[in-house]
Structure formats: structure tokens, C-alpha cells
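Peer 1: File name target_15.txt; file contents compact mmCIF, C-alpha atoms; full text below.
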# COMPACT_ATOMS: atom_id res chain seq x y z
CA MET G 1 -73.23 122.69 -40.62
CA SER G 2 -74.70 122.54 -37.11
CA HIS G 3 -78.40 122.73 -36.51
CA LYS G 4 -80.98 121.24 -34.25
CA ARG G 5 -82.42 118.03 -35.55
CA ILE G 6 -83.64 114.62 -34.51
CA PRO G 7 -81.94 111.62 -36.15
CA LYS G 8 -83.86 110.26 -39.10
CA ARG G 9 -86.32 113.10 -39.06
CA LYS G 10 -85.06 115.75 -41.43
CA ALA G 11 -87.43 116.74 -44.17
CA ALA G 12 -86.15 115.74 -47.57
CA ILE G 13 -89.31 114.30 -49.13
CA ALA G 14 -89.42 111.69 -51.87
CA ALA G 15 -87.08 108.73 -51.77
CA GLY G 16 -85.18 106.81 -54.37
CA SER G 17 -81.87 106.97 -56.16
CA VAL G 18 -82.62 107.54 -59.79
CA VAL G 19 -80.45 106.44 -62.67
CA ALA G 20 -83.01 106.65 -65.46
CA LEU G 21 -83.53 109.41 -67.97
CA GLY G 22 -86.64 110.58 -66.12
CA ALA G 23 -84.64 111.95 -63.18
CA ALA G 24 -82.19 113.74 -65.41
CA ALA G 25 -85.07 115.44 -67.14
CA ILE G 26 -86.37 116.73 -63.83
CA LEU G 27 -83.09 118.41 -63.01
CA LEU G 28 -82.64 120.11 -66.35
CA PRO G 29 -83.85 123.72 -66.65
CA ASN G 30 -87.08 123.99 -68.59
CA ALA G 31 -86.27 126.01 -71.69
CA ASN G 32 -89.85 126.42 -72.86
CA ALA G 33 -90.53 129.89 -71.59
CA SER G 34 -93.85 131.50 -72.43
CA GLN G 35 -93.63 133.30 -75.72
CA ASP G 36 -95.69 134.04 -78.78
CA GLY G 37 -95.66 131.20 -81.25
CA ALA G 38 -95.25 133.61 -84.16
CA SER G 39 -93.96 137.11 -84.64
CA ASN G 40 -97.26 138.45 -85.88
CA GLY G 41 -98.58 138.21 -82.32
CA ALA G 42 -102.00 138.22 -80.83
CA ALA G 43 -103.94 135.55 -82.72
CA ALA G 44 -101.10 133.00 -82.87
CA PRO G 45 -101.13 130.21 -80.23
CA LYS G 46 -98.44 130.69 -77.61
CA THR G 47 -95.78 128.17 -76.70
CA LEU G 48 -96.22 127.59 -72.97
CA LYS G 49 -94.87 125.65 -70.04
CA ALA G 50 -97.52 123.48 -68.39
CA ALA G 51 -97.72 125.77 -65.36
CA ASP G 52 -98.26 128.82 -67.57
CA ALA G 53 -100.90 126.93 -69.52
CA SER G 54 -102.75 126.22 -66.27
CA ASP G 55 -102.71 129.91 -65.38
CA LEU G 56 -103.98 130.87 -68.83
CA ALA G 57 -106.77 128.29 -68.61
CA SER G 58 -107.93 129.77 -65.29
CA ARG G 59 -108.01 133.28 -66.76
CA LEU G 60 -109.90 132.14 -69.85
CA GLN G 61 -112.46 130.27 -67.76
CA SER G 62 -113.26 133.51 -65.93
CA MET G 63 -113.21 135.52 -69.14
CA LEU G 64 -115.37 133.24 -71.28
CA GLY G 65 -117.94 132.24 -68.67
CA ASP G 66 -120.47 129.66 -69.89
CA ALA G 67 -118.79 129.48 -73.30
CA PHE G 68 -115.74 127.82 -71.69
CA ALA G 69 -116.03 124.01 -71.89
CA GLY G 70 -112.69 122.86 -70.48
CA SER G 71 -109.08 122.87 -71.63
CA TYR G 72 -105.99 120.71 -71.82
CA TYR G 73 -102.27 121.03 -72.46
CA ASP G 74 -100.88 119.65 -75.74
CA ALA G 75 -97.43 118.55 -74.63
CA GLY G 76 -96.28 117.99 -78.22
CA SER G 77 -96.96 121.52 -79.43
CA LYS G 78 -96.67 123.02 -75.91
CA GLN G 79 -99.93 124.86 -76.42
CA LEU G 80 -103.11 125.25 -74.42
CA VAL G 81 -106.21 123.90 -76.17
CA VAL G 82 -109.46 125.52 -75.04
CA ASN G 83 -112.91 124.09 -75.71
CA VAL G 84 -115.60 126.62 -76.62
CA ILE G 85 -119.29 125.75 -76.99
CA SER G 86 -120.37 125.52 -80.62
CA GLY G 87 -122.80 128.19 -81.75
CA ASN G 88 -121.85 130.49 -78.91
CA GLY G 89 -120.84 133.21 -81.31
CA ASN G 90 -117.46 134.21 -82.58
CA ASN G 91 -116.56 136.47 -79.67
CA ALA G 92 -115.44 133.68 -77.33
CA VAL G 93 -113.30 132.14 -80.06
CA VAL G 94 -111.67 135.48 -80.82
CA GLN G 95 -111.00 136.14 -77.11
CA ALA G 96 -109.41 132.75 -76.57
CA LYS G 97 -107.23 133.02 -79.65
CA LYS G 98 -106.18 136.54 -78.75
CA ALA G 99 -105.08 135.27 -75.33
CA GLY G 100 -102.81 132.73 -77.04
CA ALA G 101 -104.82 129.50 -76.90
CA THR G 102 -105.69 127.00 -79.60
CA VAL G 103 -109.49 126.84 -79.83
CA ARG G 104 -111.82 123.88 -80.46
CA GLU G 105 -115.58 124.18 -80.79
CA VAL G 106 -117.39 121.38 -78.91
CA ASP G 107 -120.96 120.31 -78.11
CA ASN G 108 -120.98 119.60 -74.36
CA SER G 109 -120.83 122.48 -71.89
CA LEU G 110 -119.16 122.13 -68.49
CA ALA G 111 -122.58 122.46 -66.87
CA GLU G 112 -123.91 119.54 -68.92
CA LEU G 113 -120.89 117.40 -68.11
CA GLN G 114 -121.17 118.21 -64.41
CA SER G 115 -124.85 117.34 -64.52
CA GLY G 116 -123.94 113.99 -66.04
CA ALA G 117 -121.48 113.38 -63.22
CA GLN G 118 -124.24 114.10 -60.70
CA THR G 119 -126.44 111.49 -62.40
CA LEU G 120 -123.64 108.96 -62.10
CA LYS G 121 -123.26 109.82 -58.42
CA ALA G 122 -126.98 109.35 -57.81
CA ASP G 123 -127.51 106.19 -59.85
CA ALA G 124 -124.14 104.44 -60.13
CA THR G 125 -122.09 104.89 -56.95
CA ILE G 126 -120.74 101.36 -57.14
CA PRO G 127 -117.49 100.17 -55.51
CA GLY G 128 -114.81 99.85 -58.17
CA THR G 129 -116.01 102.72 -60.36
CA ALA G 130 -114.62 106.15 -61.17
CA TRP G 131 -115.40 109.02 -63.49
CA ALA G 132 -113.83 112.29 -64.59
CA VAL G 133 -114.35 114.84 -67.34
CA ASP G 134 -111.94 114.39 -70.26
CA PRO G 135 -111.56 117.71 -72.11
CA LYS G 136 -109.80 115.98 -75.00
CA THR G 137 -112.97 114.09 -75.89
CA ASN G 138 -115.40 116.58 -74.33
CA LYS G 139 -117.00 113.64 -72.52
CA ILE G 140 -117.17 112.00 -69.12
CA VAL G 141 -114.90 108.94 -69.02
CA VAL G 142 -116.35 106.27 -66.72
CA THR G 143 -114.06 103.45 -65.61
CA ALA G 144 -115.03 100.16 -63.97
CA ASP G 145 -112.50 97.85 -62.35
CA SER G 146 -112.47 94.07 -62.49
CA THR G 147 -114.91 93.71 -59.58
CA VAL G 148 -117.77 95.41 -61.44
CA THR G 149 -119.61 92.51 -63.04
CA GLY G 150 -123.11 91.10 -63.42
CA ALA G 151 -125.90 93.31 -62.12
CA LYS G 152 -123.43 96.01 -61.10
CA TRP G 153 -122.06 96.27 -64.63
CA ASP G 154 -125.56 96.30 -66.09
CA ARG G 155 -126.55 99.13 -63.75
CA LEU G 156 -123.45 101.14 -64.61
CA GLU G 157 -123.82 100.55 -68.34
CA SER G 158 -127.49 101.55 -68.23
CA THR G 159 -126.69 104.78 -66.37
CA VAL G 160 -123.96 105.71 -68.83
CA ARG G 161 -126.26 104.97 -71.75
CA SER G 162 -128.95 107.20 -70.25
CA LEU G 163 -126.61 110.17 -70.50
CA GLY G 164 -126.49 109.88 -74.29
CA SER G 165 -123.84 108.62 -76.70
CA GLY G 166 -122.21 112.01 -77.00
CA MET G 167 -121.90 112.60 -73.25
CA ALA G 168 -119.94 109.69 -71.76
CA THR G 169 -117.81 106.67 -72.55
CA LEU G 170 -117.40 103.50 -70.48
CA LYS G 171 -114.23 101.44 -70.19
CA LYS G 172 -112.95 98.52 -68.12
CA SER G 173 -109.79 98.40 -66.01
CA ALA G 174 -108.04 95.08 -65.47
CA GLY G 175 -107.07 95.90 -61.91
CA THR G 176 -108.99 96.74 -58.74
CA PHE G 177 -109.38 100.25 -57.35
CA LYS G 178 -107.76 100.40 -53.93
CA THR G 179 -105.87 102.78 -51.72
CA PHE G 180 -102.12 102.25 -52.12
CA VAL G 181 -101.22 101.83 -48.48
CA SER G 182 -97.82 100.42 -47.58
CA GLY G 183 -94.75 102.30 -48.57
CA GLY G 184 -93.59 105.34 -50.58
CA ASP G 185 -91.30 107.46 -48.56
CA ALA G 186 -92.01 105.16 -45.71
CA ILE G 187 -93.74 106.26 -42.54
CA PHE G 188 -95.13 103.66 -40.17
CA ALA G 189 -97.92 103.30 -37.65
CA GLN G 190 -99.51 100.58 -35.56
CA ALA G 191 -103.21 100.03 -36.21
CA GLY G 192 -105.63 97.14 -35.98
CA GLY G 193 -103.01 94.86 -34.47
CA GLY G 194 -100.57 95.30 -37.37
CA THR G 195 -98.20 97.72 -39.03
CA VAL G 196 -99.48 100.30 -41.52
CA ARG G 197 -96.98 101.82 -43.94
CA CYS G 198 -97.69 104.97 -45.94
CA SER G 199 -95.69 107.70 -47.66
CA LEU G 200 -94.71 111.18 -46.69
CA GLY G 201 -95.91 113.56 -49.38
CA PHE G 202 -94.68 117.14 -48.95
CA ASN G 203 -93.28 118.95 -45.95
CA VAL G 204 -95.23 122.03 -44.99
CA THR G 205 -95.58 124.60 -42.25
CA ALA G 206 -98.78 124.32 -40.23
CA SER G 207 -100.89 127.42 -39.57
CA ASP G 208 -99.41 127.71 -36.06
CA GLY G 209 -95.87 127.75 -37.50
CA SER G 210 -94.95 124.20 -36.53
CA PRO G 211 -93.24 121.77 -38.97
CA ALA G 212 -95.56 119.22 -40.54
CA PHE G 213 -96.14 117.12 -43.63
CA LEU G 214 -99.01 116.16 -45.90
CA THR G 215 -99.91 112.56 -46.65
CA ALA G 216 -103.01 110.62 -47.69
CA GLY G 217 -106.17 111.02 -45.67
CA HIS G 218 -106.80 107.28 -45.48
CA CYS G 219 -103.41 107.01 -43.77
CA GLY G 220 -104.32 109.69 -41.22
CA VAL G 221 -107.67 108.01 -40.53
CA ALA G 222 -105.93 104.66 -40.00
CA ALA G 223 -103.61 105.78 -37.20
CA ALA G 224 -102.90 108.89 -35.14
CA GLN G 225 -99.13 108.56 -34.60
CA TRP G 226 -96.43 107.88 -37.19
CA SER G 227 -92.78 106.85 -37.08
CA ASP G 228 -89.93 106.97 -39.57
CA SER G 229 -89.02 103.31 -38.96
CA GLN G 230 -91.06 100.17 -38.56
CA THR G 231 -90.05 99.61 -34.94
CA GLY G 232 -89.22 103.20 -33.96
CA GLN G 233 -90.99 105.56 -31.62
CA PRO G 234 -93.63 107.92 -33.06
CA ILE G 235 -92.24 111.20 -34.36
CA ALA G 236 -95.39 112.86 -35.70
CA THR G 237 -99.08 113.09 -34.82
CA VAL G 238 -102.07 113.52 -37.12
CA ASP G 239 -103.61 116.97 -36.76
CA GLN G 240 -106.32 116.75 -39.45
CA ALA G 241 -107.52 113.96 -41.75
CA THR G 242 -110.13 113.81 -44.51
CA PHE G 243 -111.25 110.47 -46.01
CA PRO G 244 -113.62 109.56 -47.54
CA GLY G 245 -115.59 112.52 -48.85
CA GLU G 246 -114.25 115.73 -50.35
CA GLY G 247 -110.63 114.64 -50.59
CA ASP G 248 -107.98 112.24 -49.31
CA PHE G 249 -105.41 114.18 -47.28
CA SER G 250 -103.91 114.47 -43.80
CA LEU G 251 -101.85 117.10 -42.04
CA VAL G 252 -99.36 115.43 -39.67
CA LYS G 253 -97.32 117.57 -37.27
CA TYR G 254 -93.81 116.62 -36.20
CA ASP G 255 -93.71 116.13 -32.43
CA ASP G 256 -90.43 118.03 -32.06
CA PRO G 257 -90.87 121.71 -33.03
CA ASN G 258 -87.17 121.84 -33.99
CA THR G 259 -87.56 119.23 -36.71
CA GLN G 260 -86.02 120.48 -39.94
CA ALA G 261 -88.51 120.34 -42.80
CA ALA G 262 -86.80 121.18 -46.05
CA SER G 263 -89.11 121.73 -48.99
CA GLU G 264 -87.39 119.49 -51.50
CA VAL G 265 -87.61 116.12 -53.22
CA ASN G 266 -84.58 113.87 -52.90
CA VAL G 267 -84.00 112.19 -56.27
CA GLY G 268 -80.89 110.30 -55.18
CA GLY G 269 -77.22 110.66 -55.94
CA GLY G 270 -76.99 113.63 -53.61
CA GLN G 271 -79.38 115.62 -55.79
CA THR G 272 -82.64 117.23 -54.76
CA VAL G 273 -85.42 119.10 -56.52
CA GLN G 274 -86.57 122.18 -54.65
CA ILE G 275 -90.33 122.41 -54.18
CA ALA G 276 -91.10 126.10 -54.22
CA LYS G 277 -94.84 126.22 -54.80
CA ALA G 278 -98.05 124.28 -55.23
CA ALA G 279 -99.77 124.30 -58.60
CA GLU G 280 -102.99 123.10 -60.17
CA ALA G 281 -102.87 120.05 -62.41
CA THR G 282 -103.52 120.49 -66.13
CA VAL G 283 -104.87 117.71 -68.34
CA GLY G 284 -102.13 116.69 -70.77
CA ALA G 285 -99.26 117.89 -68.57
CA GLN G 286 -96.35 115.59 -67.66
CA VAL G 287 -96.02 114.75 -63.96
CA PHE G 288 -93.64 112.68 -61.83
CA ARG G 289 -94.45 110.41 -58.90
CA MET G 290 -92.00 109.19 -56.27
CA GLY G 291 -92.40 106.05 -54.17
CA SER G 292 -90.16 103.56 -52.40
CA THR G 293 -92.01 100.58 -53.83
CA THR G 294 -91.53 101.50 -57.46
CA GLY G 295 -89.09 104.42 -57.56
CA LEU G 296 -89.60 107.33 -59.92
CA HIS G 297 -92.28 107.16 -62.60
CA ASP G 298 -93.72 109.74 -64.91
CA GLY G 299 -96.89 110.06 -66.91
CA THR G 300 -99.68 112.41 -67.91
CA VAL G 301 -102.67 114.01 -66.22
CA THR G 302 -105.79 112.57 -67.88
CA GLY G 303 -108.67 114.04 -65.87
CA LEU G 304 -109.63 116.51 -63.16
CA ASP G 305 -112.28 116.59 -60.45
CA ALA G 306 -112.44 112.80 -60.55
CA THR G 307 -114.77 110.77 -58.35
CA VAL G 308 -113.55 107.36 -57.16
CA ASN G 309 -115.66 104.74 -55.39
CA PHE G 310 -113.36 102.53 -53.32
CA GLN G 311 -114.73 99.36 -51.75
CA SER G 312 -115.07 100.07 -48.03
CA GLU G 313 -112.60 98.10 -45.94
CA THR G 314 -114.78 98.33 -42.83
CA ASP G 315 -118.16 97.51 -44.38
CA PRO G 316 -118.36 94.65 -46.93
CA ASN G 317 -121.45 96.27 -48.42
CA GLY G 318 -120.17 99.82 -48.24
CA VAL G 319 -118.33 102.24 -50.48
CA ASP G 320 -115.80 104.96 -49.70
CA THR G 321 -116.40 107.72 -52.24
CA VAL G 322 -113.75 110.39 -52.71
CA THR G 323 -114.28 113.43 -54.91
CA GLY G 324 -112.11 116.18 -56.38
CA LEU G 325 -109.14 114.01 -57.37
CA ILE G 326 -106.61 114.20 -60.21
CA GLN G 327 -106.64 111.23 -62.60
CA THR G 328 -103.39 110.15 -64.31
CA ASP G 329 -101.81 107.27 -66.18
CA VAL G 330 -98.79 107.26 -63.85
CA CYS G 331 -98.40 103.79 -62.42
CA ALA G 332 -98.39 103.08 -58.69
CA GLU G 333 -98.51 100.06 -56.42
CA PRO G 334 -99.24 99.24 -52.79
CA GLY G 335 -96.61 101.15 -50.89
CA ASP G 336 -97.15 104.52 -52.57
CA SER G 337 -100.11 106.05 -50.67
CA GLY G 338 -99.55 109.66 -49.69
CA GLY G 339 -96.42 110.05 -51.82
CA SER G 340 -95.61 113.12 -53.87
CA LEU G 341 -96.73 114.02 -57.39
CA PHE G 342 -94.79 116.95 -58.82
CA THR G 343 -93.66 118.63 -62.04
CA GLN G 344 -90.33 119.08 -63.74
CA ASP G 345 -90.06 122.68 -62.57
CA GLY G 346 -90.54 121.76 -58.89
CA SER G 347 -94.25 122.42 -58.37
CA ALA G 348 -96.13 120.25 -55.89
CA ILE G 349 -99.23 118.82 -57.59
CA GLY G 350 -100.71 115.92 -55.65
CA LEU G 351 -100.65 113.17 -53.01
CA THR G 352 -101.08 109.54 -54.08
CA SER G 353 -104.58 108.34 -53.17
CA GLY G 354 -105.28 105.06 -54.99
CA GLY G 355 -106.06 103.40 -58.28
CA SER G 356 -105.76 100.14 -60.15
CA GLY G 357 -103.08 98.21 -61.97
CA ASP G 358 -99.36 98.21 -61.32
CA CYS G 359 -96.08 99.35 -62.87
CA THR G 360 -95.89 96.30 -65.13
CA THR G 361 -99.29 96.45 -66.80
CA GLY G 362 -100.14 100.11 -66.11
CA GLY G 363 -103.47 101.39 -64.88
CA GLU G 364 -105.26 104.46 -63.55
CA THR G 365 -104.01 106.36 -60.51
CA PHE G 366 -105.71 109.13 -58.56
CA PHE G 367 -104.15 111.94 -56.55
CA GLN G 368 -105.35 114.45 -54.01
CA PRO G 369 -104.63 118.00 -55.29
CA VAL G 370 -102.07 119.67 -53.02
CA THR G 371 -103.69 123.08 -53.48
CA THR G 372 -106.96 121.80 -52.00
CA ALA G 373 -105.18 120.12 -49.09
CA LEU G 374 -103.26 123.30 -48.26
CA GLN G 375 -106.41 125.41 -48.38
CA ALA G 376 -108.35 122.99 -46.18
CA THR G 377 -105.63 122.56 -43.53
CA GLY G 378 -104.33 126.14 -43.51
CA ALA G 379 -100.78 124.90 -44.07
CA THR G 380 -98.22 126.54 -46.35
CA LEU G 381 -95.76 124.84 -48.64
CA GLY G 382 -92.08 125.48 -48.01
CA ASP G 383 -89.71 125.41 -45.07
CA ALA G 384 -90.30 129.03 -43.93
CA GLY G 385 -86.55 129.56 -43.77
CA ALA G 386 -85.99 126.60 -41.47
CA GLY G 387 -84.90 123.72 -43.59
CA ALA G 388 -83.28 124.46 -46.92
CA GLY G 389 -79.73 125.22 -45.82
CA ALA G 390 -79.60 123.08 -42.72
CA GLY G 391 -81.18 120.11 -44.39
CA ALA G 392 -78.65 120.08 -47.20
CA GLY G 393 -75.75 120.26 -44.82
CA ASP G 394 -76.56 117.11 -42.91
CA GLN G 395 -77.57 114.77 -45.69
CA ALA G 396 -75.74 111.67 -46.81
CA GLY G 397 -77.17 110.87 -50.18
CA GLY G 398 -80.58 111.89 -48.94
CA GLY G 399 -80.50 109.39 -46.08
CA ASP G 400 -81.22 109.76 -42.35
CA ALA G 401 -84.48 111.53 -43.01
CA VAL G 402 -88.17 110.93 -43.16
CA GLY G 403 -88.73 110.63 -46.87
CA GLY G 404 -84.99 110.81 -47.38
CA GLY G 405 -83.69 107.31 -47.77
CA THR G 406 -80.50 105.93 -49.29
CA ALA G 407 -81.69 103.55 -51.96
CA ASP G 408 -80.48 100.03 -52.54
CA PRO G 409 -79.44 99.96 -56.21
CA SER G 410 -80.39 96.30 -56.43
CA ALA G 411 -84.05 97.26 -56.26
CA THR G 412 -85.24 98.32 -59.68
CA ALA G 413 -88.47 99.06 -61.47
CA THR G 414 -89.35 99.82 -65.03
CA GLY G 415 -90.75 103.25 -65.69
CA PRO G 416 -93.30 104.34 -68.28
CA SER G 417 -90.53 105.00 -70.75
CA GLY G 418 -89.18 101.49 -70.31
CA ALA G 419 -85.98 102.73 -68.69
CA GLY G 420 -84.75 100.91 -65.59
CA GLN G 421 -85.22 102.98 -62.49
CA THR G 422 -83.76 102.43 -59.08
CA GLY G 423 -86.39 101.84 -56.46
CA ALA G 424 -86.06 102.77 -52.83
CA GLY G 425 -85.38 99.61 -50.96
CA ASP G 426 -83.45 99.36 -47.68
CA GLN G 427 -83.80 103.05 -46.92
CA SER G 428 -81.74 104.67 -44.24
CA GLY G 429 -84.29 106.25 -41.96
CA ALA G 430 -87.19 104.40 -43.50
CA GLY G 431 -86.86 100.94 -42.04
CA ASP G 432 -85.75 97.77 -43.77
CA GLN G 433 -87.60 97.70 -47.06
CA SER G 434 -87.03 95.93 -50.32
CA GLY G 435 -87.70 97.60 -53.62
CA ALA G 436 -90.67 95.33 -53.99
CA GLY G 437 -92.19 96.58 -50.77
CA ALA G 438 -91.29 93.63 -48.54
CA GLU G 439 -93.54 93.46 -45.52
CA ASP G 440 -91.09 92.00 -42.97
CA GLY G 441 -93.84 89.76 -41.67
CA SER G 442 -96.37 92.54 -41.18
CA GLN G 443 -99.59 93.17 -43.04
CA LEU G 444 -98.54 96.31 -44.89
CA THR G 445 -101.29 96.46 -47.44
CA GLU G 446 -104.48 98.40 -46.80
CA THR G 447 -105.64 100.46 -43.87
CA HIS G 448 -109.41 100.07 -43.86
Since I need it in another form, could you write the structure as C-alpha cells?
Peer 2:
Amino acid sequence: MSHKRIPKRKAAIAAGSVVALGAAAILLPNANASQDGASNGAAAPKTLKAADASDLASRLQSMLGDAFAGSYYDAGSKQLVVNVISGNGNNAVVQAKKAGATVREVDNSLAELQSGAQTLKADATIPGTAWAVDPKTNKIVVTADSTVTGAKWDRLESTVRSLGSGMATLKKSAGTFKTFVSGGDAIFAQAGGGTVRCSLGFNVTASDGSPAFLTAGHCGVAAAQWSDSQTGQPIATVDQATFPGEGDFSLVKYDDPNTQAASEVNVGGGQTVQIAKAAEATVGAQVFRMGSTTGLHDGTVTGLDATVNFQSETDPNGVDTVTGLIQTDVCAEPGDSGGSLFTQDGSAIGLTSGGSGDCTTGGETFFQPVTTALQATGATLGDAGAGAGAGAGDQAGGGDAVGGGTADPSATATGPSGAGQTGAGDQSGAGDQSGAGAEDGSQLTETH
């Protein structure tokens, strides 16, 4: 199929040949259509897909007002669980049940939990800390990484204690919170005398109609021009970047307006997952992350509207605070910043921001919501008729493309399920990379 394109610049987005069960699950149709859980109807909890549960949660939040205290998706029963404030009267419970949700009565309102988060922001903005509301416990979960010790730990512990025993919990993480700069679906830039490597997240159409992609904001702040190979010429230029502050996202426009930007994730073996829409994350829902350092991994959303305090890389005494993130237990490692987080049914959910741990010991990972990034940049998800057919016709196993990459099967990683997964080393169109994120002599770690 003939079409205009630039070598190594087509828009398949997520790299890695996948041989584990996780990839097969992505490609299977989701049979859990929304339906009543029992024939007697209205009051019985509905069986829902995660996306439908997210939609129902949004409707119930508007319907219940102050009585709504959060919700989460029970993946085992495939039901939406809605928290309702105790003593609020029976009406809210009846409304939620009638809509098809499972209802729990809880003590902490969303307003109280948000107030607690504001107290943490005012009194405990310490590098290496993070917090998010956990609807499963109806509390704020506060996490401190391994750098929070001594007086810093005492200050954090005191602040958490001041909120009350029923409002927040405090836990330690063995790793260090950092932005995962290096590889993913590799894109490269020169900054600070060295090479920066990040990941292409999702291809989009900018508000002026030009082809573009989303990636992490800390990548866009680090460098203005990006290439699809470590020594290649720039192919895309940062248009907008947000980091730190209210998000971690960049809109990067392809320099050639004829660049094909297919809205799909390449999962290897000649197979792709079409990305048709962006969706909100739901606590409890299963999500998948793609990255060239570690391949495909899956896990669960554990918190929303998370605040993360990264140690500033430009000021030894400073902190880069990012708000509004998705918290998950999906593993990630340096090399995954900006990469795609998506669902089994092909919904774009997030862009890899940072976290702690690795894919051997696990950890916490945070993602920029795609919906927020699209709204802020004015971009739209999808190829606007430009990339789907043409992109598929000129693809050799997903190679020869930014974010495309033909994976080296010798590079493997172990996913959350324990199954071996092929990483994305030695990618065609992504430079010479090993599955372990080899740096080829460059400092491909952090951008700030």
C-alpha cells in the first residue's frame, strides 16, 4: 500500500513482542457486557466492564452529591462498589442500588478526605512522599520512599497522625520515587551534554490538525526536539509541556505534516490493539503498561488524584510536586517514562510519570491521566482517518516506526503474573537498545 511517510516515523505506539498470557488477554474480545446481575432487575448489582463501571460511578457522583464518598471496581465480581456516607439517610443507598451498584456505608466523606490531602500538602510536602485517596479503605494512603528518614519521617508521621486514625494510613516503599526517564517506546533527545531517552505514549491529532504524540511532561521540559534513534536527526518538536505542577504531560508535534500517526498499540507478532478512545481510570480496574525496558506488564489501579513529591533534579533542596496522577501497582523501571497505559478493550488511560521499585520487587507507579492531557493540550485521540490503513500496510512486525519496534526475543522480563514476557530490545526504528535498557555509553537515566 503506497502512502506518504518518513522512514522510522510511522505511528504504531507501544513496543514489544509479547509471548506471555497477558498479551493474549488483551486481544481477546471482552465478553463481560453490561447486564443486570439477576433477572429481578433494579436493586441487583450489575455485572459491568471496567469502562462501564467508570461511567456509572460518574453518574452516581452527580446524582448522590455529598453522600457520594468514592467508588471502586471489584474485578472479581465485576461490580461497581460505591461508598455512601453513613447516617445520610436511606435515599442515597436506594438510588445507588437501583442504578446497579453495590453499596457500602462509610465514615469519611470526599470533602473530609480532600481536606486531609490539603493538610498533607501544607505540612508534609517532602521529597519521596506521595498520597492518594483509597476508596477501598475510605482513607488517604500516604507512602514514603526509602529516602524519607529521621526528621523527615517524624514530620510526615506526625502530620498523618494529626489527621486521625480513621483518616489516613502511612506505609514505606523500599524504592525511591523518581521519574522513569530512559526508554519505553524509545524517543531520544540531546540535553545537558548527554542523551535523554523517553517513551512515546499515544499518537494524537493536535488542535491545528497536525500529527503529534503525547509523552511525559518531564521529557518535554528536558529537551525541545526528539528523534526516533539515538543518533538520528530530530523528527518532532515539543509544542506544550507541563511538569511539575498540575500534571506530567507533553504534546510533541511531528515535524513532517505527512507523518502517519496510527492510533494503535503494537503488541508484537504482527498484532496491534486499536486505541479508539480515552477513558478515566477506575480504582480496582486492570490496566496494561508497555515499555521497551520491561515489555508488557499488567496490574491494578490503586488510587486516583494522587500527589507525588519527586526530589528536584535541579535543586538539591527542592521538590517537584505533581498532582492529579493515577496510582497503580504496575511495575516500571527507568526507560518507561511517557509510555502508554491502556485497558484490554483499547482505551487509553495514562502516560508513565514515575514511581519506585522495579519489575523484580514491585513498587508503586504513577501515571498522567490521558483525558486531562487531551483537555489541556486541545489534542484529540485517534488518527483522524490518516493512519489506520496506511500504517498497517507498511509495517514489518511493528518495526520501522516511532514506538513500533521489532523486539529482540532474547530480552525478557517477568510480568506481574510471573509469566515470561519479551521485552523490546534492539528495536528497529528505536535505536540499539537491550531489553535491560542498555545506555550505549550515554547517561540515559533522569532528565532533571
Peer 1: What does the distance from atom CA of Val273 of chain G to atom CA of Met290 of chain G come to in Å, to one decimal?
Peer 2: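 Computing the Euclidean distance for atom CA of Val273 of chain G and atom CA of Met290 of chain G yields 11.9 Å.
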Peer 1: Measure the distance from atom CA of Thr169 of chain G to atom CA of Pro334 of chain G in Å and round it to one decimal.
Peer 2: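 Computing it gives 28.1 Å between the two atoms.
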Peer 1: Within 6 Å of segment 111-130 of chain G, which residues of segment 144-212 of chain G show up? Give each one with its shortest atom-to-atom distance in Å (one decimal) and the two atoms involved, counting all atoms listed in the file, rows by chain then rising residue number, as CSV.
Peer 2:
residue,atom,partner,partner_atom,distance
G:Ala144,CA,G:Thr129,CA,4.5
G:Asp145,CA,G:Gly128,CA,5.2
G:Leu156,CA,G:Ala124,CA,5.6
G:Phe177,CA,G:Gly128,CA,5.5
Peer 1: Write a file of the selected residues as a compact mmCIF listing (two decimals), in the frame of the given file, keeping C-alpha atoms.
Peer 2:
# COMPACT_ATOMS: atom_id res chain seq x y z
CA ALA G 144 -115.03 100.16 -63.97
CA ASP G 145 -112.50 97.85 -62.35
CA LEU G 156 -123.45 101.14 -64.61
CA PHE G 177 -109.38 100.25 -57.35
Peer 1: Given the choices G:Ala376, G:Val204, G:Leu163, G:Val330, which gets closest to Thr302 of chain G if the distance is worked out from all atoms listed in the file?
Peer 2: G:Val330
Peer 1: For Gly209 of chain G, which residue among G:Thr176, G:Thr195, G:Ser86, G:Asn258 is the nearest when counting all atoms listed in the file?
Peer 2: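 Distance minimum relative to Gly209 of chain G lands on G:Asn258.
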Peer 1: What is the distance, in Å and to one decimal place, between atom CA of Ser337 of chain G and atom CA of Cys219 of chain G?
Peer 2: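 Taking atom CA of Ser337 of chain G as the start and atom CA of Cys219 of chain G as the end point, the length is 7.7 Å.
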Peer 1: Ranking G:Leu381, G:Val141, G:Ala69, G:Ala44 by minimum distance to Ala278 of chain G and counting all atoms listed in the file, which one comes first?
Peer 2: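 Using all atoms listed in the file, the shortest distance to Ala278 of chain G belongs to G:Leu381.
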Peer 1: Can you pull out the residues contacting Glu333 of chain G? Cut-off 8 Å, using all atoms listed in the file, and skip same-chain residues under 5 positions away; I want them as a ChimeraX atom specification.
Peer 2: /G:180,293-294,357-359
Peer 1: For segment 238-252 of chain G, please output as number ranges by chain all residues within 8 Å (counting only C-alpha atoms; exclusion window: fewer than 5 positions along the same chain).
Peer 2: G: 212-221, 223-226, 320-325, 338, 351, 353, 368, 373, 377
Peer 1: For Cys198 of chain G, which residue out of G:Phe367, G:Gly335, G:Asp345, G:Lys98 is the nearest one, using all atoms listed in the file?
Peer 2: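 When distances to Cys198 of chain G are compared using all atoms listed in the file, the smallest one comes from G:Gly335.
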Peer 1: Around all listed atoms of segment 288-307 of chain G, padded 5 Å per side, what centre and edge lengths does the axis-aligned box have in Å to one decimal, as AutoDock Vina command-line options?
Peer 2:
--center_x -101.9 --center_y 108.6 --center_z -60.2 --size_x 35.7 --size_y 26.0 --size_z 25.5
Peer 1: Find the residue from G:Asp107, G:Ala276, G:Ile187, G:Ala92 that sits nearest to Met63 of chain G; use only C-alpha atoms when measuring.
Peer 2: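 Using only C-alpha atoms, Met63 of chain G sits closest to G:Ala92.
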